[in-house]
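K.L.:
Sharing structure.cif here; it has mmCIF, N, CA and C atoms.
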data_work
loop_
_atom_site.label_atom_id
_atom_site.label_comp_id
_atom_site.auth_asym_id
_atom_site.auth_seq_id
_atom_site.Cartn_x
_atom_site.Cartn_y
_atom_site.Cartn_z
N MET A 22 0.85 -1.17 0.00
CA MET A 22 0.00 0.00 0.00
C MET A 22 0.90 1.24 0.00
N ILE A 23 0.52 2.21 -0.80
CA ILE A 23 1.29 3.45 -0.89
C ILE A 23 0.49 4.59 -0.25
N PHE A 24 1.20 5.64 0.13
CA PHE A 24 0.54 6.82 0.69
C PHE A 24 -0.21 7.53 -0.43
N PRO A 25 -1.49 7.84 -0.24
CA PRO A 25 -2.29 8.48 -1.29
C PRO A 25 -2.03 10.00 -1.35
N ALA A 26 -0.87 10.36 -1.87
CA ALA A 26 -0.44 11.76 -1.88
C ALA A 26 -1.34 12.66 -2.71
N THR A 27 -1.79 12.18 -3.85
CA THR A 27 -2.66 13.00 -4.70
C THR A 27 -3.98 13.27 -3.98
N THR A 28 -4.54 12.24 -3.37
CA THR A 28 -5.78 12.41 -2.61
C THR A 28 -5.55 13.36 -1.44
N ALA A 29 -4.39 13.29 -0.81
CA ALA A 29 -4.09 14.17 0.31
C ALA A 29 -4.08 15.64 -0.13
N VAL A 30 -3.52 15.92 -1.30
CA VAL A 30 -3.49 17.30 -1.81
C VAL A 30 -4.92 17.79 -2.04
N PHE A 31 -5.72 16.97 -2.69
CA PHE A 31 -7.10 17.37 -2.98
C PHE A 31 -7.94 17.43 -1.70
N ALA A 32 -7.64 16.59 -0.72
CA ALA A 32 -8.33 16.67 0.57
C ALA A 32 -8.06 18.03 1.21
N GLY A 33 -6.84 18.50 1.09
CA GLY A 33 -6.51 19.83 1.61
C GLY A 33 -7.27 20.92 0.88
N LEU A 34 -7.35 20.83 -0.44
CA LEU A 34 -8.09 21.82 -1.23
C LEU A 34 -9.58 21.79 -0.89
N LEU A 35 -10.12 20.59 -0.79
CA LEU A 35 -11.54 20.45 -0.45
C LEU A 35 -11.82 20.93 0.97
N ALA A 36 -10.88 20.75 1.87
CA ALA A 36 -11.05 21.27 3.24
C ALA A 36 -11.14 22.79 3.21
N LEU A 37 -10.37 23.44 2.35
CA LEU A 37 -10.45 24.90 2.23
C LEU A 37 -11.80 25.33 1.67
N VAL A 38 -12.32 24.58 0.69
CA VAL A 38 -13.66 24.88 0.16
C VAL A 38 -14.69 24.73 1.28
N TYR A 39 -14.56 23.67 2.06
CA TYR A 39 -15.48 23.43 3.17
C TYR A 39 -15.43 24.58 4.18
N LEU A 40 -14.23 25.03 4.48
CA LEU A 40 -14.10 26.16 5.40
C LEU A 40 -14.75 27.42 4.82
N GLY A 41 -14.61 27.61 3.51
CA GLY A 41 -15.26 28.74 2.86
C GLY A 41 -16.77 28.66 2.98
N LEU A 42 -17.32 27.47 2.73
CA LEU A 42 -18.76 27.28 2.88
C LEU A 42 -19.20 27.48 4.33
N SER A 43 -18.38 27.03 5.27
CA SER A 43 -18.68 27.22 6.69
C SER A 43 -18.72 28.70 7.04
N GLY A 44 -17.75 29.44 6.55
CA GLY A 44 -17.73 30.89 6.80
C GLY A 44 -18.92 31.59 6.18
N TRP A 45 -19.32 31.12 5.01
CA TRP A 45 -20.48 31.66 4.30
C TRP A 45 -21.75 31.47 5.13
N VAL A 46 -21.90 30.28 5.72
CA VAL A 46 -23.05 30.00 6.59
C VAL A 46 -22.97 30.84 7.86
N MET A 47 -21.79 30.90 8.47
CA MET A 47 -21.64 31.68 9.70
C MET A 47 -21.94 33.15 9.49
N ALA A 48 -21.47 33.70 8.38
CA ALA A 48 -21.73 35.11 8.08
C ALA A 48 -23.23 35.36 7.95
N SER A 49 -23.92 34.44 7.31
CA SER A 49 -25.37 34.56 7.16
C SER A 49 -26.07 34.44 8.51
N ARG A 50 -25.57 33.57 9.36
CA ARG A 50 -26.15 33.42 10.70
C ARG A 50 -25.98 34.71 11.50
N VAL A 51 -24.81 35.29 11.45
CA VAL A 51 -24.54 36.51 12.20
C VAL A 51 -25.38 37.67 11.66
N SER A 52 -25.37 37.85 10.35
CA SER A 52 -26.10 38.99 9.77
C SER A 52 -27.61 38.84 9.92
N GLY A 53 -28.11 37.59 9.94
CA GLY A 53 -29.55 37.38 10.07
C GLY A 53 -29.98 37.03 11.48
N ASN A 54 -29.02 37.01 12.41
CA ASN A 54 -29.29 36.65 13.80
C ASN A 54 -30.03 35.30 13.89
N VAL A 55 -29.52 34.32 13.17
CA VAL A 55 -30.08 32.97 13.15
C VAL A 55 -29.09 32.06 13.85
N LEU A 56 -29.46 31.61 15.04
CA LEU A 56 -28.55 30.77 15.81
C LEU A 56 -28.70 29.29 15.50
N PHE A 57 -29.87 28.88 14.99
CA PHE A 57 -30.13 27.47 14.74
C PHE A 57 -31.04 27.34 13.52
N GLY A 58 -30.79 26.32 12.72
CA GLY A 58 -31.63 26.10 11.55
C GLY A 58 -31.45 27.17 10.50
N ASP A 59 -32.54 27.45 9.77
CA ASP A 59 -32.46 28.45 8.70
C ASP A 59 -33.25 29.71 9.00
N GLY A 60 -33.94 29.73 10.15
CA GLY A 60 -34.69 30.92 10.54
C GLY A 60 -35.80 31.29 9.56
N GLY A 61 -36.19 30.34 8.71
CA GLY A 61 -37.23 30.64 7.72
C GLY A 61 -36.74 31.49 6.56
N ASP A 62 -35.44 31.68 6.46
CA ASP A 62 -34.84 32.50 5.41
C ASP A 62 -34.39 31.59 4.27
N GLU A 63 -34.90 31.82 3.08
CA GLU A 63 -34.58 30.96 1.93
C GLU A 63 -33.09 31.01 1.58
N THR A 64 -32.49 32.18 1.68
CA THR A 64 -31.05 32.30 1.39
C THR A 64 -30.24 31.50 2.40
N MET A 65 -30.63 31.61 3.66
CA MET A 65 -29.94 30.86 4.71
C MET A 65 -30.09 29.35 4.47
N LEU A 66 -31.29 28.93 4.10
CA LEU A 66 -31.54 27.52 3.81
C LEU A 66 -30.63 27.02 2.69
N LYS A 67 -30.48 27.80 1.64
CA LYS A 67 -29.63 27.41 0.51
C LYS A 67 -28.17 27.31 0.94
N ARG A 68 -27.72 28.23 1.77
CA ARG A 68 -26.34 28.17 2.25
C ARG A 68 -26.12 26.95 3.14
N VAL A 69 -27.06 26.72 4.06
CA VAL A 69 -26.94 25.56 4.95
C VAL A 69 -26.94 24.26 4.15
N ARG A 70 -27.82 24.15 3.18
CA ARG A 70 -27.89 22.93 2.38
C ARG A 70 -26.67 22.76 1.48
N SER A 71 -26.12 23.85 0.98
CA SER A 71 -24.88 23.76 0.19
C SER A 71 -23.76 23.20 1.05
N HIS A 72 -23.66 23.70 2.26
CA HIS A 72 -22.65 23.25 3.21
C HIS A 72 -22.88 21.79 3.59
N ALA A 73 -24.12 21.45 3.91
CA ALA A 73 -24.44 20.08 4.32
C ALA A 73 -24.25 19.08 3.18
N ASN A 74 -24.62 19.49 1.97
CA ASN A 74 -24.46 18.60 0.82
C ASN A 74 -22.98 18.26 0.63
N PHE A 75 -22.13 19.24 0.79
CA PHE A 75 -20.69 19.03 0.73
C PHE A 75 -20.27 18.01 1.78
N ALA A 76 -20.74 18.22 3.02
CA ALA A 76 -20.36 17.34 4.13
C ALA A 76 -20.91 15.92 3.94
N GLU A 77 -22.00 15.78 3.20
CA GLU A 77 -22.59 14.47 2.98
C GLU A 77 -21.83 13.64 1.95
N TYR A 78 -21.25 14.27 0.96
CA TYR A 78 -20.63 13.54 -0.15
C TYR A 78 -19.11 13.46 -0.09
N VAL A 79 -18.46 14.54 0.29
CA VAL A 79 -17.00 14.62 0.15
C VAL A 79 -16.24 13.61 1.01
N PRO A 80 -16.59 13.41 2.28
CA PRO A 80 -15.78 12.46 3.06
C PRO A 80 -15.75 11.05 2.47
N LEU A 81 -16.89 10.52 2.10
CA LEU A 81 -16.92 9.17 1.52
C LEU A 81 -16.17 9.12 0.20
N ALA A 82 -16.37 10.14 -0.63
CA ALA A 82 -15.66 10.18 -1.91
C ALA A 82 -14.14 10.19 -1.70
N LEU A 83 -13.67 10.99 -0.75
CA LEU A 83 -12.22 11.03 -0.48
C LEU A 83 -11.71 9.69 0.05
N ILE A 84 -12.49 9.04 0.89
CA ILE A 84 -12.06 7.74 1.41
C ILE A 84 -11.94 6.72 0.27
N VAL A 85 -12.96 6.66 -0.56
CA VAL A 85 -12.95 5.67 -1.65
C VAL A 85 -11.82 5.96 -2.64
N ILE A 86 -11.67 7.24 -3.01
CA ILE A 86 -10.61 7.59 -3.96
C ILE A 86 -9.24 7.39 -3.33
N GLY A 87 -9.11 7.73 -2.05
CA GLY A 87 -7.85 7.51 -1.35
C GLY A 87 -7.48 6.03 -1.28
N LEU A 88 -8.46 5.19 -1.02
CA LEU A 88 -8.21 3.74 -1.00
C LEU A 88 -7.83 3.24 -2.39
N LEU A 89 -8.48 3.78 -3.41
CA LEU A 89 -8.13 3.40 -4.78
C LEU A 89 -6.67 3.78 -5.06
N GLU A 90 -6.31 4.99 -4.70
CA GLU A 90 -4.92 5.43 -4.93
C GLU A 90 -3.94 4.57 -4.12
N ALA A 91 -4.26 4.34 -2.85
CA ALA A 91 -3.36 3.57 -1.98
C ALA A 91 -3.19 2.13 -2.44
N SER A 92 -4.21 1.61 -3.12
CA SER A 92 -4.11 0.22 -3.60
C SER A 92 -3.39 0.12 -4.94
N GLY A 93 -2.89 1.26 -5.43
CA GLY A 93 -2.13 1.25 -6.67
C GLY A 93 -2.95 1.62 -7.89
N GLY A 94 -4.11 2.20 -7.69
CA GLY A 94 -4.94 2.64 -8.82
C GLY A 94 -4.18 3.65 -9.67
N GLY A 95 -4.50 3.69 -10.94
CA GLY A 95 -3.78 4.57 -11.86
C GLY A 95 -3.85 6.03 -11.48
N HIS A 96 -2.71 6.70 -11.57
CA HIS A 96 -2.62 8.11 -11.19
C HIS A 96 -3.56 8.99 -12.02
N THR A 97 -3.65 8.73 -13.30
CA THR A 97 -4.51 9.54 -14.17
C THR A 97 -5.97 9.41 -13.76
N LEU A 98 -6.41 8.20 -13.46
CA LEU A 98 -7.78 7.98 -13.02
C LEU A 98 -8.04 8.68 -11.69
N VAL A 99 -7.14 8.49 -10.75
CA VAL A 99 -7.29 9.11 -9.43
C VAL A 99 -7.35 10.63 -9.56
N GLN A 100 -6.46 11.19 -10.33
CA GLN A 100 -6.43 12.64 -10.51
C GLN A 100 -7.70 13.14 -11.19
N ALA A 101 -8.18 12.43 -12.20
CA ALA A 101 -9.41 12.82 -12.89
C ALA A 101 -10.61 12.78 -11.93
N LEU A 102 -10.68 11.75 -11.10
CA LEU A 102 -11.77 11.64 -10.13
C LEU A 102 -11.73 12.79 -9.13
N LEU A 103 -10.54 13.12 -8.67
CA LEU A 103 -10.40 14.20 -7.69
C LEU A 103 -10.71 15.57 -8.30
N ILE A 104 -10.31 15.77 -9.54
CA ILE A 104 -10.63 17.03 -10.22
C ILE A 104 -12.14 17.14 -10.40
N ALA A 105 -12.77 16.04 -10.82
CA ALA A 105 -14.23 16.04 -10.98
C ALA A 105 -14.92 16.35 -9.66
N LEU A 106 -14.44 15.75 -8.58
CA LEU A 106 -15.02 15.99 -7.26
C LEU A 106 -14.87 17.46 -6.86
N LEU A 107 -13.68 18.01 -7.03
CA LEU A 107 -13.44 19.40 -6.66
C LEU A 107 -14.30 20.36 -7.49
N VAL A 108 -14.32 20.17 -8.79
CA VAL A 108 -15.11 21.03 -9.66
C VAL A 108 -16.60 20.89 -9.32
N GLY A 109 -17.05 19.67 -9.11
CA GLY A 109 -18.45 19.44 -8.77
C GLY A 109 -18.85 20.13 -7.48
N ARG A 110 -17.96 20.09 -6.50
CA ARG A 110 -18.28 20.69 -5.21
C ARG A 110 -18.22 22.22 -5.25
N ILE A 111 -17.48 22.78 -6.19
CA ILE A 111 -17.47 24.24 -6.36
C ILE A 111 -18.70 24.69 -7.14
N LEU A 112 -19.08 23.91 -8.15
CA LEU A 112 -20.23 24.27 -8.98
C LEU A 112 -21.55 24.21 -8.21
N HIS A 113 -21.70 23.22 -7.36
CA HIS A 113 -22.98 22.98 -6.70
C HIS A 113 -23.54 24.21 -5.97
N PRO A 114 -22.79 24.85 -5.08
CA PRO A 114 -23.37 26.01 -4.39
C PRO A 114 -23.65 27.19 -5.33
N ILE A 115 -22.90 27.30 -6.41
CA ILE A 115 -23.18 28.37 -7.39
C ILE A 115 -24.56 28.13 -7.98
N GLY A 116 -24.84 26.88 -8.31
CA GLY A 116 -26.13 26.53 -8.87
C GLY A 116 -27.28 26.67 -7.90
N MET A 117 -27.00 26.55 -6.61
CA MET A 117 -28.05 26.70 -5.61
C MET A 117 -28.64 28.11 -5.63
N PHE A 118 -27.86 29.08 -6.07
CA PHE A 118 -28.32 30.47 -6.07
C PHE A 118 -28.68 30.97 -7.46
N ALA A 119 -28.72 30.08 -8.41
CA ALA A 119 -29.14 30.44 -9.77
C ALA A 119 -30.66 30.54 -9.81
N PRO A 120 -31.19 31.31 -10.74
CA PRO A 120 -32.65 31.36 -10.89
C PRO A 120 -33.20 29.96 -11.18
N PRO A 121 -34.38 29.63 -10.62
CA PRO A 121 -34.97 28.30 -10.83
C PRO A 121 -35.14 27.99 -12.32
N ASN A 122 -34.81 26.75 -12.67
CA ASN A 122 -34.94 26.24 -14.04
C ASN A 122 -34.13 27.01 -15.08
N SER A 123 -33.10 27.69 -14.63
CA SER A 123 -32.24 28.43 -15.56
C SER A 123 -31.11 27.53 -16.04
N PRO A 124 -30.49 27.90 -17.16
CA PRO A 124 -29.34 27.11 -17.62
C PRO A 124 -28.23 27.04 -16.57
N ARG A 125 -28.02 28.14 -15.83
CA ARG A 125 -26.99 28.13 -14.80
C ARG A 125 -27.32 27.15 -13.68
N GLN A 126 -28.60 27.08 -13.32
CA GLN A 126 -28.99 26.13 -12.27
C GLN A 126 -28.73 24.69 -12.73
N PHE A 127 -29.14 24.37 -13.95
CA PHE A 127 -28.93 23.02 -14.46
C PHE A 127 -27.44 22.71 -14.62
N ALA A 128 -26.69 23.67 -15.14
CA ALA A 128 -25.26 23.44 -15.38
C ALA A 128 -24.48 23.34 -14.08
N CYS A 129 -24.75 24.23 -13.15
CA CYS A 129 -23.95 24.27 -11.93
C CYS A 129 -24.45 23.32 -10.85
N ARG A 130 -25.71 23.45 -10.48
CA ARG A 130 -26.23 22.57 -9.43
C ARG A 130 -26.32 21.14 -9.94
N GLY A 131 -26.96 20.97 -11.09
CA GLY A 131 -27.08 19.62 -11.65
C GLY A 131 -25.74 19.05 -12.04
N GLY A 132 -24.93 19.85 -12.73
CA GLY A 132 -23.61 19.39 -13.13
C GLY A 132 -22.73 19.09 -11.94
N GLY A 133 -22.84 19.90 -10.90
CA GLY A 133 -22.03 19.69 -9.70
C GLY A 133 -22.33 18.37 -9.03
N ILE A 134 -23.61 18.07 -8.87
CA ILE A 134 -23.94 16.81 -8.20
C ILE A 134 -23.66 15.62 -9.11
N LEU A 135 -23.85 15.79 -10.42
CA LEU A 135 -23.53 14.69 -11.34
C LEU A 135 -22.03 14.38 -11.34
N LEU A 136 -21.20 15.41 -11.34
CA LEU A 136 -19.75 15.19 -11.26
C LEU A 136 -19.38 14.48 -9.95
N THR A 137 -19.99 14.92 -8.87
CA THR A 137 -19.70 14.32 -7.57
C THR A 137 -20.11 12.85 -7.55
N MET A 138 -21.32 12.57 -7.99
CA MET A 138 -21.81 11.18 -7.98
C MET A 138 -21.03 10.31 -8.96
N ALA A 139 -20.67 10.86 -10.11
CA ALA A 139 -19.89 10.10 -11.07
C ALA A 139 -18.53 9.76 -10.49
N ALA A 140 -17.88 10.73 -9.85
CA ALA A 140 -16.57 10.47 -9.25
C ALA A 140 -16.68 9.38 -8.20
N LEU A 141 -17.70 9.47 -7.36
CA LEU A 141 -17.89 8.46 -6.31
C LEU A 141 -18.19 7.09 -6.91
N ALA A 142 -19.07 7.03 -7.88
CA ALA A 142 -19.44 5.75 -8.49
C ALA A 142 -18.27 5.10 -9.22
N ILE A 143 -17.57 5.88 -10.02
CA ILE A 143 -16.43 5.34 -10.77
C ILE A 143 -15.33 4.88 -9.81
N ALA A 144 -15.08 5.67 -8.78
CA ALA A 144 -14.06 5.29 -7.80
C ALA A 144 -14.46 4.01 -7.08
N ALA A 145 -15.73 3.89 -6.72
CA ALA A 145 -16.20 2.69 -6.01
C ALA A 145 -16.05 1.45 -6.89
N ILE A 146 -16.46 1.57 -8.14
CA ILE A 146 -16.36 0.42 -9.07
C ILE A 146 -14.90 0.07 -9.32
N ALA A 147 -14.07 1.08 -9.55
CA ALA A 147 -12.64 0.82 -9.78
C ALA A 147 -12.00 0.18 -8.58
N LEU A 148 -12.37 0.63 -7.38
CA LEU A 148 -11.81 0.03 -6.16
C LEU A 148 -12.25 -1.42 -6.01
N LEU A 149 -13.53 -1.67 -6.24
CA LEU A 149 -14.02 -3.05 -6.15
C LEU A 149 -13.34 -3.97 -7.17
N LEU A 150 -13.15 -3.49 -8.37
CA LEU A 150 -12.45 -4.28 -9.40
C LEU A 150 -11.00 -4.51 -9.01
N ARG A 151 -10.41 -3.52 -8.37
CA ARG A 151 -8.99 -3.60 -7.99
C ARG A 151 -8.77 -4.65 -6.91
N VAL A 152 -9.69 -4.73 -5.96
CA VAL A 152 -9.49 -5.63 -4.83
C VAL A 152 -10.16 -7.00 -5.01
N ALA A 153 -10.90 -7.14 -6.11
CA ALA A 153 -11.61 -8.42 -6.34
C ALA A 153 -10.64 -9.53 -6.71
#
Mind turning the file's structure into structure tokens?

P.N.:
Amino acid sequence: MIFPATTAVFAGLLALVYLGLSGWVMASRVSGNVLFGDGGDETMLKRVRSHANFAEYVPLALIVIGLLEASGGGHTLVQALLIALLVGRILHPIGMFAPPNSPRQFACRGGGILLTMAALAIAAIALLLRVA
């Protein structure tokens, strides 16, 4: 087993994105005086869900991709999966604030989650094939 250095670099980048989303939520909480939940504010709800969606998908994706890399998975595949994950996680919150049913909403929110799910699915299948 090798150290998953590429995954480690992207984990650091994704941690910075997560911190940015956290700060975005905190700023909204402070400015709207919302200590818990979304306070009935649609903007706050979108920020909280963007942050939570990140927290729901990224840890598992990093674990699976990291295991793939550590088991000797191809560097190009690992790097492509990590780039897709990073781009997807940046696009998703942009799409959350796009006008409903707009091209930007479909491209960013839809594209963001599709990239995330594709990265996770491909990594999972590649890992299973690798260890089978």

K.L.:
Evaluated on this file, the PyMOL selection byres ((chain A and resi 95-109) around 6) picks out some residues - which ones are they, written as a VMD selection string?

P.N.:
chain A and resid 93 to 94 110 to 113 132 to 134 136 to 137 140

K.L.:
Residues as selected, N, CA and C atoms, written as a short mmCIF file (atom, residue, chain, number, x, y, z; two decimals), in the coordinates of the input, can you do that?

P.N.:
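Below is the file that was written, result.cif:
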data_model
loop_
_atom_site.label_atom_id
_atom_site.label_comp_id
_atom_site.auth_asym_id
_atom_site.auth_seq_id
_atom_site.Cartn_x
_atom_site.Cartn_y
_atom_site.Cartn_z
N GLY A 93 -2.89 1.26 -5.43
CA GLY A 93 -2.13 1.25 -6.67
C GLY A 93 -2.95 1.62 -7.89
N GLY A 94 -4.11 2.20 -7.69
CA GLY A 94 -4.94 2.64 -8.82
C GLY A 94 -4.18 3.65 -9.67
N ARG A 110 -17.96 20.09 -6.50
CA ARG A 110 -18.28 20.69 -5.21
C ARG A 110 -18.22 22.22 -5.25
N ILE A 111 -17.48 22.78 -6.19
CA ILE A 111 -17.47 24.24 -6.36
C ILE A 111 -18.70 24.69 -7.14
N LEU A 112 -19.08 23.91 -8.15
CA LEU A 112 -20.23 24.27 -8.98
C LEU A 112 -21.55 24.21 -8.21
N HIS A 113 -21.70 23.22 -7.36
CA HIS A 113 -22.98 22.98 -6.70
C HIS A 113 -23.54 24.21 -5.97
N GLY A 132 -24.93 19.85 -12.73
CA GLY A 132 -23.61 19.39 -13.13
C GLY A 132 -22.73 19.09 -11.94
N GLY A 133 -22.84 19.90 -10.90
CA GLY A 133 -22.03 19.69 -9.70
C GLY A 133 -22.33 18.37 -9.03
N ILE A 134 -23.61 18.07 -8.87
CA ILE A 134 -23.94 16.81 -8.20
C ILE A 134 -23.66 15.62 -9.11
N LEU A 136 -21.20 15.41 -11.34
CA LEU A 136 -19.75 15.19 -11.26
C LEU A 136 -19.38 14.48 -9.95
N THR A 137 -19.99 14.92 -8.87
CA THR A 137 -19.70 14.32 -7.57
C THR A 137 -20.11 12.85 -7.55
N ALA A 140 -17.88 10.73 -9.85
CA ALA A 140 -16.57 10.47 -9.25
C ALA A 140 -16.68 9.38 -8.20
#

K.L.:
Which residues are close to segment 68-71 of chain A, i.e. within 9 Å by only C-alpha atoms, leaving aside same-chain residues fewer than 5 positions away? Reply as number ranges by chain.

P.N.:
A: 42-43, 45-46, 49, 58-59, 63, 76, 113-114, 117-118

K.L.:
I need the residue nearest Ala119 of chain A from this list: A:Leu141, A:Lys67, A:Ala147, A:Ile84. Use only C-alpha atoms for the distance.

P.N.:
A:Lys67

K.L.:
Expanded to explicit residues, what is the PyMOL selection byres ((chain A and resi 86-89) around 6.5) for this file, as a PDB file with N, CA and C atoms, keeping the file's coordinate frame?

P.N.:
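Result went into result30.pdb, see below:
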ATOM      1  N   PRO A  25      -1.490   7.840  -0.240  1.00  0.00           N
ATOM      2  CA  PRO A  25      -2.290   8.480  -1.290  1.00  0.00           C
ATOM      3  C   PRO A  25      -2.030  10.000  -1.350  1.00  0.00           C
ATOM      4  N   THR A  28      -4.540  12.240  -3.370  1.00  0.00           N
ATOM      5  CA  THR A  28      -5.780  12.410  -2.610  1.00  0.00           C
ATOM      6  C   THR A  28      -5.550  13.360  -1.440  1.00  0.00           C
ATOM      7  N   LEU A  81     -16.890  10.520   2.100  1.00  0.00           N
ATOM      8  CA  LEU A  81     -16.920   9.170   1.520  1.00  0.00           C
ATOM      9  C   LEU A  81     -16.170   9.120   0.200  1.00  0.00           C
ATOM     10  N   ALA A  82     -16.370  10.140  -0.630  1.00  0.00           N
ATOM     11  CA  ALA A  82     -15.660  10.180  -1.910  1.00  0.00           C
ATOM     12  C   ALA A  82     -14.140  10.190  -1.700  1.00  0.00           C
ATOM     13  N   LEU A  83     -13.670  10.990  -0.750  1.00  0.00           N
ATOM     14  CA  LEU A  83     -12.220  11.030  -0.480  1.00  0.00           C
ATOM     15  C   LEU A  83     -11.710   9.690   0.050  1.00  0.00           C
ATOM     16  N   ILE A  84     -12.490   9.040   0.890  1.00  0.00           N
ATOM     17  CA  ILE A  84     -12.060   7.740   1.410  1.00  0.00           C
ATOM     18  C   ILE A  84     -11.940   6.720   0.270  1.00  0.00           C
ATOM     19  N   VAL A  85     -12.960   6.660  -0.560  1.00  0.00           N
ATOM     20  CA  VAL A  85     -12.950   5.670  -1.650  1.00  0.00           C
ATOM     21  C   VAL A  85     -11.820   5.960  -2.640  1.00  0.00           C
ATOM     22  N   GLU A  90      -6.310   4.990  -4.700  1.00  0.00           N
ATOM     23  CA  GLU A  90      -4.920   5.430  -4.930  1.00  0.00           C
ATOM     24  C   GLU A  90      -3.940   4.570  -4.120  1.00  0.00           C
ATOM     25  N   ALA A  91      -4.260   4.340  -2.850  1.00  0.00           N
ATOM     26  CA  ALA A  91      -3.360   3.570  -1.980  1.00  0.00           C
ATOM     27  C   ALA A  91      -3.190   2.130  -2.440  1.00  0.00           C
ATOM     28  N   SER A  92      -4.210   1.610  -3.120  1.00  0.00           N
ATOM     29  CA  SER A  92      -4.110   0.220  -3.600  1.00  0.00           C
ATOM     30  C   SER A  92      -3.390   0.120  -4.940  1.00  0.00           C
ATOM     31  N   GLY A  93      -2.890   1.260  -5.430  1.00  0.00           N
ATOM     32  CA  GLY A  93      -2.130   1.250  -6.670  1.00  0.00           C
ATOM     33  C   GLY A  93      -2.950   1.620  -7.890  1.00  0.00           C
ATOM     34  N   GLY A  94      -4.110   2.200  -7.690  1.00  0.00           N
ATOM     35  CA  GLY A  94      -4.940   2.640  -8.820  1.00  0.00           C
ATOM     36  C   GLY A  94      -4.180   3.650  -9.670  1.00  0.00           C
ATOM     37  N   GLY A  95      -4.500   3.690 -10.940  1.00  0.00           N
ATOM     38  CA  GLY A  95      -3.780   4.570 -11.860  1.00  0.00           C
ATOM     39  C   GLY A  95      -3.850   6.030 -11.480  1.00  0.00           C
ATOM     40  N   ALA A 144     -15.080   5.670  -8.780  1.00  0.00           N
ATOM     41  CA  ALA A 144     -14.060   5.290  -7.800  1.00  0.00           C
ATOM     42  C   ALA A 144     -14.460   4.010  -7.080  1.00  0.00           C
ATOM     43  N   ALA A 145     -15.730   3.890  -6.720  1.00  0.00           N
ATOM     44  CA  ALA A 145     -16.200   2.690  -6.010  1.00  0.00           C
ATOM     45  C   ALA A 145     -16.050   1.450  -6.890  1.00  0.00           C
ATOM     46  N   ALA A 147     -14.070   1.080  -9.550  1.00  0.00           N
ATOM     47  CA  ALA A 147     -12.640   0.820  -9.780  1.00  0.00           C
ATOM     48  C   ALA A 147     -12.000   0.180  -8.580  1.00  0.00           C
ATOM     49  N   LEU A 148     -12.370   0.630  -7.380  1.00  0.00           N
ATOM     50  CA  LEU A 148     -11.810   0.030  -6.160  1.00  0.00           C
ATOM     51  C   LEU A 148     -12.250  -1.420  -6.010  1.00  0.00           C
TER      52      LEU A 148
END

K.L.:
In Å to one decimal, how far is atom CA of Val38 of chain A from atom C of Phe75 of chain A?

P.N.:
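Atom C of Phe75 of chain A sits 9.7 Å away from atom CA of Val38 of chain A.
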
K.L.:
Run DSSP on the backbone of this structure and report the residues of chain A it assigns to helix (DSSP H, G or I), as number ranges by chain.

P.N.:
A: 26-53, 63-91, 96-117, 124-152

K.L.:
Compare A:Thr27, A:His72, A:Gly33, A:Ser123 by their minimum atom-to-atom distance to Met47 of chain A, counting only C-alpha atoms, and give me the closest one.

P.N.:
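Under the stated criterion, the closest residue is A:His72.
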
K.L.:
Take atom N of Cys129 of chain A and atom CA of Ile115 of chain A and report the distance between them in Å, one decimal.

P.N.:
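Atom CA of Ile115 of chain A lies 7.3 Å from atom N of Cys129 of chain A.
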
K.L.:
Of the residues A:Gly53, A:Asp62, A:Pro121, A:Leu135, which is the one nearest to Tyr78 of chain A, using only C-alpha atoms?

P.N.:
A:Leu135

K.L.:
Provide the atom C of Ile23 of chain A to atom C of Leu35 of chain A distance in Å, to one decimal place.

P.N.:
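Here the two named atoms are 20.5 Å from each other.
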
K.L.:
Which one of A:Pro120, A:Gly41, A:Arg50, A:Val79 sits closest to Met65 of chain A if you count only N, CA and C atoms?

P.N.:
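Looking at the shortest contact to Met65 of chain A, the residue is A:Arg50.
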
K.L.:
Could you pull segment 77-98 of chain A out of the block above and save it with C-alpha atoms, as a PDB file, in the first residue's frame?

P.N.:
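So selection06.pdb came out as:
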ATOM      1  CA  GLU A  77     -22.588  14.470   2.983  1.00  0.00           C
ATOM      2  CA  TYR A  78     -20.633  13.536  -0.147  1.00  0.00           C
ATOM      3  CA  VAL A  79     -17.000  14.618   0.152  1.00  0.00           C
ATOM      4  CA  PRO A  80     -15.782  12.458   3.064  1.00  0.00           C
ATOM      5  CA  LEU A  81     -16.917   9.171   1.524  1.00  0.00           C
ATOM      6  CA  ALA A  82     -15.657  10.184  -1.915  1.00  0.00           C
ATOM      7  CA  LEU A  83     -12.222  11.033  -0.476  1.00  0.00           C
ATOM      8  CA  ILE A  84     -12.064   7.737   1.407  1.00  0.00           C
ATOM      9  CA  VAL A  85     -12.952   5.666  -1.648  1.00  0.00           C
ATOM     10  CA  ILE A  86     -10.610   7.593  -3.961  1.00  0.00           C
ATOM     11  CA  GLY A  87      -7.846   7.509  -1.351  1.00  0.00           C
ATOM     12  CA  LEU A  88      -8.208   3.742  -1.000  1.00  0.00           C
ATOM     13  CA  LEU A  89      -8.125   3.402  -4.780  1.00  0.00           C
ATOM     14  CA  GLU A  90      -4.917   5.425  -4.931  1.00  0.00           C
ATOM     15  CA  ALA A  91      -3.358   3.573  -1.977  1.00  0.00           C
ATOM     16  CA  SER A  92      -4.111   0.221  -3.601  1.00  0.00           C
ATOM     17  CA  GLY A  93      -2.132   1.249  -6.673  1.00  0.00           C
ATOM     18  CA  GLY A  94      -4.939   2.641  -8.824  1.00  0.00           C
ATOM     19  CA  GLY A  95      -3.784   4.567 -11.861  1.00  0.00           C
ATOM     20  CA  HIS A  96      -2.619   8.115 -11.191  1.00  0.00           C
ATOM     21  CA  THR A  97      -4.510   9.544 -14.174  1.00  0.00           C
ATOM     22  CA  LEU A  98      -7.785   7.981 -13.022  1.00  0.00           C
TER      23      LEU A  98
END
